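Undergrad: Got a structure for you, questions after.
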Amino acid sequence: MTAKKIKLSYLELVNSNFNFQIYRKAYDSSETSGGLFRYNLFTADKQDRDTYAVSFSPVDNGIEYSCNSYENIHLTKKWLMVHLMKKVEATFNSNEYFTGKYVVPNLSFIVDTFKEGQQIIQIEPYYLEENNSFGFIVDFKFKTFKGFEKTRQEKILSLSISEDGLKNKNFYSDKFKFINSFIVNAMKKIFPISIDQVSIDINSTFTELESHLLSEKVYLFRDGESSVQFQGLKEYKPLGGVINNPLFVFVFEKSKTNTARQLVRALRGQLYSTFSGMDDMFGVKFSNENIKSIIVDSFTKENLQYIDSMLDDIAGENTAMQIVGVFAGIAKDFDAGKDYSPYYTIKSSFLKRGLAVQAITIEQALKKDGFKWSISGIALQLFVKLGGQPWKVKPQNNDCLIFGISSAHVKDENYNIKKYFAYSLCFDSSGLYRRLDVLGQSGDEKTYMEQLAGQIKAVLNSELDSKISKCVIHVPFKIKKREIQCIKDSINAIKNTRQDIEFVVIKINVNNKFFGYSDYNSRIPLAGSFIKLGVKEYLVWFEGLQQDRPHIVSAQNISNPVHIQFWDSPDLTDEKARGYLQDIINLSGANWRGFNAKHEPVTTLYPELFARFAGKFEQYGLDVSIGEAAINKVWFI
């Protein structure tokens, strides 16, 4: 199917090539306040560049300078935002908008206010490399007030669900209407903006960009392949089964006995037509003979020690069995108000023995249909935590290893960093998980950075055997600049000894400022669509309309596009970039947390899940002690 153009949520300037006046002087690091900013510009003779302290108004010892818009992209964006804010301040009441706190802040216009929060239109300057143009990114957001996060009404007002509580199929078209209304009613009051001899005006319609289509994901099972996970699993059987006899250890309070019994019946396939049972679906025996229970009156510290002792006995008596824990009937706010964590303490008890545990909340059991819609996902996670492999994806790049590298910084009550963590998760390009490695762990930043550099080299050297021709590093948006530079330097050191391997570093940002719309009635682009924002920068729709049936959404969720940027890739061609993008979108289908979890590649999602554990274990004074048997299991999902 041919991809249609996509309207990027970006209003382009009518003319991007212009000159504007600034005042500059020699840069002094002690003078970076009082309206002075540091920028690199041409020298007076235009033959070289230097760093200057820049102001938009006259300043002592400052020399007036005519700056072209393309001379420093960041300076031009700052200049555009300063004058936009001046125009807005003169045109709107102060209670109609607010500004962000970044160096180049965004500007938020309040559309409506509710007790749950505010519906806003957010705009910020942007340089679109693909078009060599300046303009403004425009998007609809919902700013939640404290205490109303993730409530039903908050989700309705943010457009994520509809009034009936179901996923909002009109998410894209609803956003589009809000923004169009703002463009018609507010933007014409702002533009054009006249500054000295310069007039800044914008186009009133979003910029259209050529879109391209990646192939749909293909899932590989033991006896065949399919484009659908659940049906493929039923028809073609899991890719890899559980090696040892399974033993399920249920842990619950006596008051949750009925919940545990209901869960057992559901896992046997005796309650709902939506799930046929662990044995039928995964080939995993699930009967009274391979179920044990640890029951306590409540999760006091003493009872947690009792659970640990009982688990020791069970593990010692069943060394030939593959054990998985089932923590049944806990509440979402289970640890609230306690100076210790029953959940993470039990997780730690299992983990240090190389065992995984699956928590099931009481909310799942109390829903109208009980476990009807969640039981297949619970069973999938249990199967995986036993060491099973339900499926993999058909890769684009063969003989390729992909590392997801991320970090977690634990802060004290004053928001100062008290401990640094970094870790890597290794996958092959089919999405099969290989192992987890801690790259750094220290309360001292210098020591942490030294550990990070050394461990990256050690991990890469240990995993990159002679069969590997490509090594890809995926990093999330949140990782710090110093960490990124350390990763780059470490990879460059490996490159010198492994010139037979192509190394690529890719930044993946799921929560980003970009959005786009198609010409379909729903405004949703096709799943697998991507547009090019710059030479090495892309916006990709992991989910969307089905390519063969564009009137049907391809996934249960309707989500934002993902921003992807290639770093340190001098030999990157469009063809190579497309191949790496295909593997990234494929890896969103390698997520074993559920059957409809397809919005983020496991190379960034799984490290984020581990980060939460690392932070919580640190918070409650628990060691992140991973038994050898858990290293190659996805226990953290």
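Going through the structure tokens in order, the chains are called A, B, and so on, while each chain numbers its residues from 1 and the ligands are numbered from 1 in the order shown.
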Write out as a PyMOL selection string the set of residues from segment 307-387 of chain A that DSSP, computed on the backbone, places in strand (DSSP E).

TA: chain A and resi 321-330+356-361

Undergrad: Segment 294-309 of chain A: which residues within 12 Å, counting only C-alpha atoms, same-chain residues fewer than 2 positions away excluded, as a PyMOL selection string?

TA: chain A and resi 248-257+260+291-292+311-316+325-330+334-335+338-353

Undergrad: When you look at segment 74-79 of chain A with a cut-off of 10 Å (counting only C-alpha atoms), what residues show up, excluding the ones that are within fewer than 2 positions of it in the same chain? I need them as a ChimeraX atom specification.

TA: /A:18-22,37-41,54-56,67-72,81-84,103-105,124-127,134-136

Undergrad: What does the file look like for those residues with N, CA and C atoms, as a compact mmCIF listing (two decimals), in the first residue's frame?

TA:
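Written output follows (selection_19.txt):
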```txt
# COMPACT_ATOMS: atom_id res chain seq x y z
N PHE A 18 16.05 35.22 7.16
CA PHE A 18 15.94 36.63 7.51
C PHE A 18 17.11 37.01 8.42
N ASN A 19 17.32 38.29 8.60
CA ASN A 19 18.35 38.80 9.51
C ASN A 19 17.68 39.51 10.68
N PHE A 20 18.29 39.40 11.86
CA PHE A 20 17.77 40.11 13.03
C PHE A 20 18.93 40.67 13.83
N GLN A 21 18.65 41.71 14.61
CA GLN A 21 19.69 42.42 15.33
C GLN A 21 19.88 41.84 16.74
N ILE A 22 21.14 41.65 17.12
CA ILE A 22 21.49 41.24 18.48
C ILE A 22 22.65 42.12 18.95
N PHE A 37 23.34 35.33 26.89
CA PHE A 37 23.33 33.91 26.55
C PHE A 37 24.56 33.57 25.72
N ARG A 38 25.01 32.35 25.83
CA ARG A 38 26.23 31.92 25.15
C ARG A 38 25.89 31.27 23.81
N TYR A 39 26.47 31.83 22.71
CA TYR A 39 26.23 31.26 21.38
C TYR A 39 27.50 31.36 20.53
N ASN A 40 27.63 30.43 19.60
CA ASN A 40 28.75 30.42 18.66
C ASN A 40 28.30 31.08 17.36
N LEU A 41 29.04 32.14 16.94
CA LEU A 41 28.66 32.91 15.76
C LEU A 41 29.89 33.21 14.91
N VAL A 54 25.60 36.93 24.22
CA VAL A 54 24.61 37.56 23.34
C VAL A 54 23.43 38.09 24.14
N SER A 55 22.94 39.26 23.74
CA SER A 55 21.74 39.85 24.33
C SER A 55 20.83 40.33 23.20
N PHE A 56 19.53 40.38 23.45
CA PHE A 56 18.59 40.88 22.46
C PHE A 56 18.28 42.37 22.65
N CYS A 67 22.47 39.27 12.57
CA CYS A 67 22.63 37.80 12.54
C CYS A 67 21.64 37.18 11.56
N ASN A 68 22.13 36.31 10.69
CA ASN A 68 21.23 35.59 9.79
C ASN A 68 20.57 34.44 10.53
N SER A 69 19.35 34.12 10.18
CA SER A 69 18.58 33.09 10.89
C SER A 69 19.25 31.72 10.87
N TYR A 70 20.05 31.44 9.84
CA TYR A 70 20.69 30.13 9.74
C TYR A 70 22.08 30.09 10.39
N GLU A 71 22.53 31.21 10.92
CA GLU A 71 23.89 31.27 11.46
C GLU A 71 24.03 30.43 12.74
N ASN A 72 23.01 30.45 13.57
CA ASN A 72 22.97 29.59 14.75
C ASN A 72 21.51 29.24 15.01
N MET A 81 11.27 32.89 20.15
CA MET A 81 10.44 32.69 21.34
C MET A 81 10.36 33.95 22.18
N VAL A 82 11.47 34.68 22.30
CA VAL A 82 11.46 35.93 23.08
C VAL A 82 10.44 36.92 22.51
N HIS A 83 10.42 37.06 21.20
CA HIS A 83 9.51 38.03 20.59
C HIS A 83 8.08 37.51 20.51
N LEU A 84 7.92 36.19 20.41
CA LEU A 84 6.57 35.63 20.50
C LEU A 84 5.97 35.92 21.87
N VAL A 103 15.58 26.59 28.52
CA VAL A 103 16.36 27.69 27.95
C VAL A 103 15.57 28.35 26.82
N VAL A 104 14.98 27.51 25.96
CA VAL A 104 14.01 27.99 24.98
C VAL A 104 12.66 27.46 25.43
N PRO A 105 11.91 28.26 26.20
CA PRO A 105 10.69 27.74 26.83
C PRO A 105 9.56 27.52 25.82
N GLU A 124 6.01 25.83 20.57
CA GLU A 124 7.43 26.12 20.77
C GLU A 124 8.12 26.21 19.43
N PRO A 125 9.19 27.00 19.34
CA PRO A 125 9.90 27.15 18.06
C PRO A 125 10.62 25.87 17.68
N TYR A 126 10.77 25.66 16.39
CA TYR A 126 11.42 24.43 15.91
C TYR A 126 12.06 24.71 14.55
N TYR A 127 13.19 24.07 14.33
CA TYR A 127 13.84 24.10 13.02
C TYR A 127 13.67 22.73 12.38
N PHE A 134 12.14 27.32 9.63
CA PHE A 134 11.79 27.58 11.01
C PHE A 134 10.26 27.66 11.12
N GLY A 135 9.78 27.40 12.31
CA GLY A 135 8.35 27.49 12.55
C GLY A 135 8.05 27.16 13.99
N PHE A 136 6.82 26.70 14.25
CA PHE A 136 6.40 26.39 15.61
C PHE A 136 5.69 25.04 15.66
```

Undergrad: Do you know which residues are at most 8 Å from Ser588 of chain A counting only C-alpha atoms, after dropping those on the same chain fewer than 2 positions away, and could you put them as a PyMOL selection string?

TA: chain A and resi 542+584-586+590-591+597-602

Undergrad: What is the distance between atom CA of Tyr423 of chain A and atom CA of Arg435 of chain A, in Å to one decimal?

TA: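 If I compute the distance from atom CA of Tyr423 of chain A to atom CA of Arg435 of chain A, I get 10.7 Å.
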
Undergrad: Neighbouring residues of Phe176 of chain A were defined as those with any atom within 9 Å, considering only C-alpha atoms; residues of the same chain fewer than 4 positions away were excluded. Please report them as a PyMOL selection string.

TA: chain A and resi 139-140+171-172+180-181+517+523

Undergrad: With C-alpha atoms retained, could you export that selection as a PDB file, in the first residue's frame?

TA:
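As written to disk, out_29.pdb reads:
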```
ATOM      1  CA  ASP A 139       0.098  20.363  20.111  1.00  0.00           C
ATOM      2  CA  PHE A 140      -2.842  19.697  22.417  1.00  0.00           C
ATOM      3  CA  PHE A 171      -7.992  10.626  19.672  1.00  0.00           C
ATOM      4  CA  TYR A 172      -6.285  12.011  16.555  1.00  0.00           C
ATOM      5  CA  ASN A 180      -7.435  23.949  14.288  1.00  0.00           C
ATOM      6  CA  SER A 181      -9.772  25.969  16.469  1.00  0.00           C
ATOM      7  CA  TYR A 517      -2.045  13.573  11.073  1.00  0.00           C
ATOM      8  CA  ARG A 523      -6.629  11.441  11.034  1.00  0.00           C
TER       9      ARG A 523
END
```

Undergrad: To test your reading of the structure, identify every residue in segment 299-386 of chain A that backbone DSSP assigns to alpha helix (DSSP H), and report it as a PDB file with C-alpha atoms, in the first residue's frame.

TA:
```pdb
ATOM      1  CA  LYS A 301       8.021  -7.752  58.781  1.00  0.00           C
ATOM      2  CA  GLU A 302       7.934 -10.968  60.843  1.00  0.00           C
ATOM      3  CA  ASN A 303       5.679 -12.679  58.296  1.00  0.00           C
ATOM      4  CA  LEU A 304       7.927 -11.567  55.451  1.00  0.00           C
ATOM      5  CA  GLN A 305      10.801 -13.360  57.217  1.00  0.00           C
ATOM      6  CA  TYR A 306       8.539 -16.409  57.525  1.00  0.00           C
ATOM      7  CA  ILE A 307       7.802 -16.268  53.768  1.00  0.00           C
ATOM      8  CA  ASP A 308      11.542 -16.079  53.043  1.00  0.00           C
ATOM      9  CA  SER A 309      12.172 -19.093  55.272  1.00  0.00           C
ATOM     10  CA  MET A 310       9.340 -21.099  53.647  1.00  0.00           C
ATOM     11  CA  LEU A 311      10.648 -20.208  50.185  1.00  0.00           C
ATOM     12  CA  ASP A 312      14.079 -21.466  51.247  1.00  0.00           C
ATOM     13  CA  ASP A 313      12.546 -24.823  52.205  1.00  0.00           C
ATOM     14  CA  ILE A 314      10.480 -25.092  49.007  1.00  0.00           C
ATOM     15  CA  ALA A 315      13.453 -24.229  46.781  1.00  0.00           C
ATOM     16  CA  GLY A 316      15.687 -26.689  48.642  1.00  0.00           C
ATOM     17  CA  GLU A 317      13.167 -29.528  48.343  1.00  0.00           C
ATOM     18  CA  PRO A 342       6.171  -6.248  51.287  1.00  0.00           C
ATOM     19  CA  TYR A 343       6.084  -6.327  47.484  1.00  0.00           C
ATOM     20  CA  TYR A 344       9.765  -5.540  46.891  1.00  0.00           C
ATOM     21  CA  THR A 345      10.866  -7.636  49.889  1.00  0.00           C
ATOM     22  CA  ILE A 346       9.117 -10.684  48.427  1.00  0.00           C
ATOM     23  CA  LYS A 347      10.443  -9.828  44.971  1.00  0.00           C
ATOM     24  CA  SER A 348      13.940  -9.719  46.501  1.00  0.00           C
ATOM     25  CA  SER A 349      13.438 -13.072  48.278  1.00  0.00           C
ATOM     26  CA  PHE A 350      12.657 -14.774  44.978  1.00  0.00           C
ATOM     27  CA  LEU A 351      15.208 -12.876  42.916  1.00  0.00           C
ATOM     28  CA  ILE A 362      -6.844  -7.274  43.776  1.00  0.00           C
ATOM     29  CA  GLU A 363      -8.310  -4.691  41.373  1.00  0.00           C
ATOM     30  CA  GLN A 364      -8.045  -7.223  38.552  1.00  0.00           C
ATOM     31  CA  ALA A 365     -10.092  -9.727  40.552  1.00  0.00           C
ATOM     32  CA  LEU A 366     -12.722  -7.183  41.597  1.00  0.00           C
ATOM     33  CA  ILE A 375      -5.837 -13.734  32.479  1.00  0.00           C
ATOM     34  CA  SER A 376      -4.146 -14.428  29.132  1.00  0.00           C
ATOM     35  CA  GLY A 377      -1.608 -11.661  29.853  1.00  0.00           C
ATOM     36  CA  ILE A 378      -0.990 -12.994  33.385  1.00  0.00           C
ATOM     37  CA  ALA A 379      -0.464 -16.488  31.981  1.00  0.00           C
ATOM     38  CA  LEU A 380       1.908 -15.147  29.316  1.00  0.00           C
ATOM     39  CA  GLN A 381       4.069 -13.450  31.943  1.00  0.00           C
ATOM     40  CA  LEU A 382       4.137 -16.574  34.124  1.00  0.00           C
ATOM     41  CA  PHE A 383       5.215 -18.646  31.126  1.00  0.00           C
ATOM     42  CA  VAL A 384       8.002 -16.184  30.341  1.00  0.00           C
ATOM     43  CA  LYS A 385       9.166 -16.010  33.968  1.00  0.00           C
TER      44      LYS A 385
END
```

Undergrad: Can you work out the spacing between atom CA of Val553 of chain A and atom CA of Lys5 of chain A in Å, to one decimal?

TA: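 Computing it gives 18.2 Å between the two atoms.
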
Undergrad: Taking into account only C-alpha atoms, which residue in the set A:Phe191, A:Tyr420, A:Tyr538, A:Tyr272 is nearest to Leu209 of chain A?

TA: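 For Leu209 of chain A, the nearest of the given residues is A:Tyr538.
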
Undergrad: Here is a test: counting only C-alpha atoms, which residue of A:Thr274, A:Asn170, A:Ser108, A:Gln451 is nearest to Asn95 of chain A?

TA: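 Ranked by minimum distance to Asn95 of chain A, first place goes to A:Ser108.
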
Undergrad: Could you pull the residues within 7 Å of Asn203 of chain A, counting only C-alpha atoms, minus those fewer than 6 positions along the same chain, as a VMD selection string?

TA: chain A and resid 11 to 14

Undergrad: Given the choices A:Lys150, A:Lys189, A:Lys467, A:Lys237, which gets closest to Asp223 of chain A if the distance is worked out from only C-alpha atoms?

TA: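 Answer, going by the shortest atom-to-atom distance: A:Lys237.
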
Undergrad: Enter the distance from atom CA of Arg612 of chain A to atom CA of Phe636 of chain A, in Å, rounded to one decimal.

TA: 9.3 Å
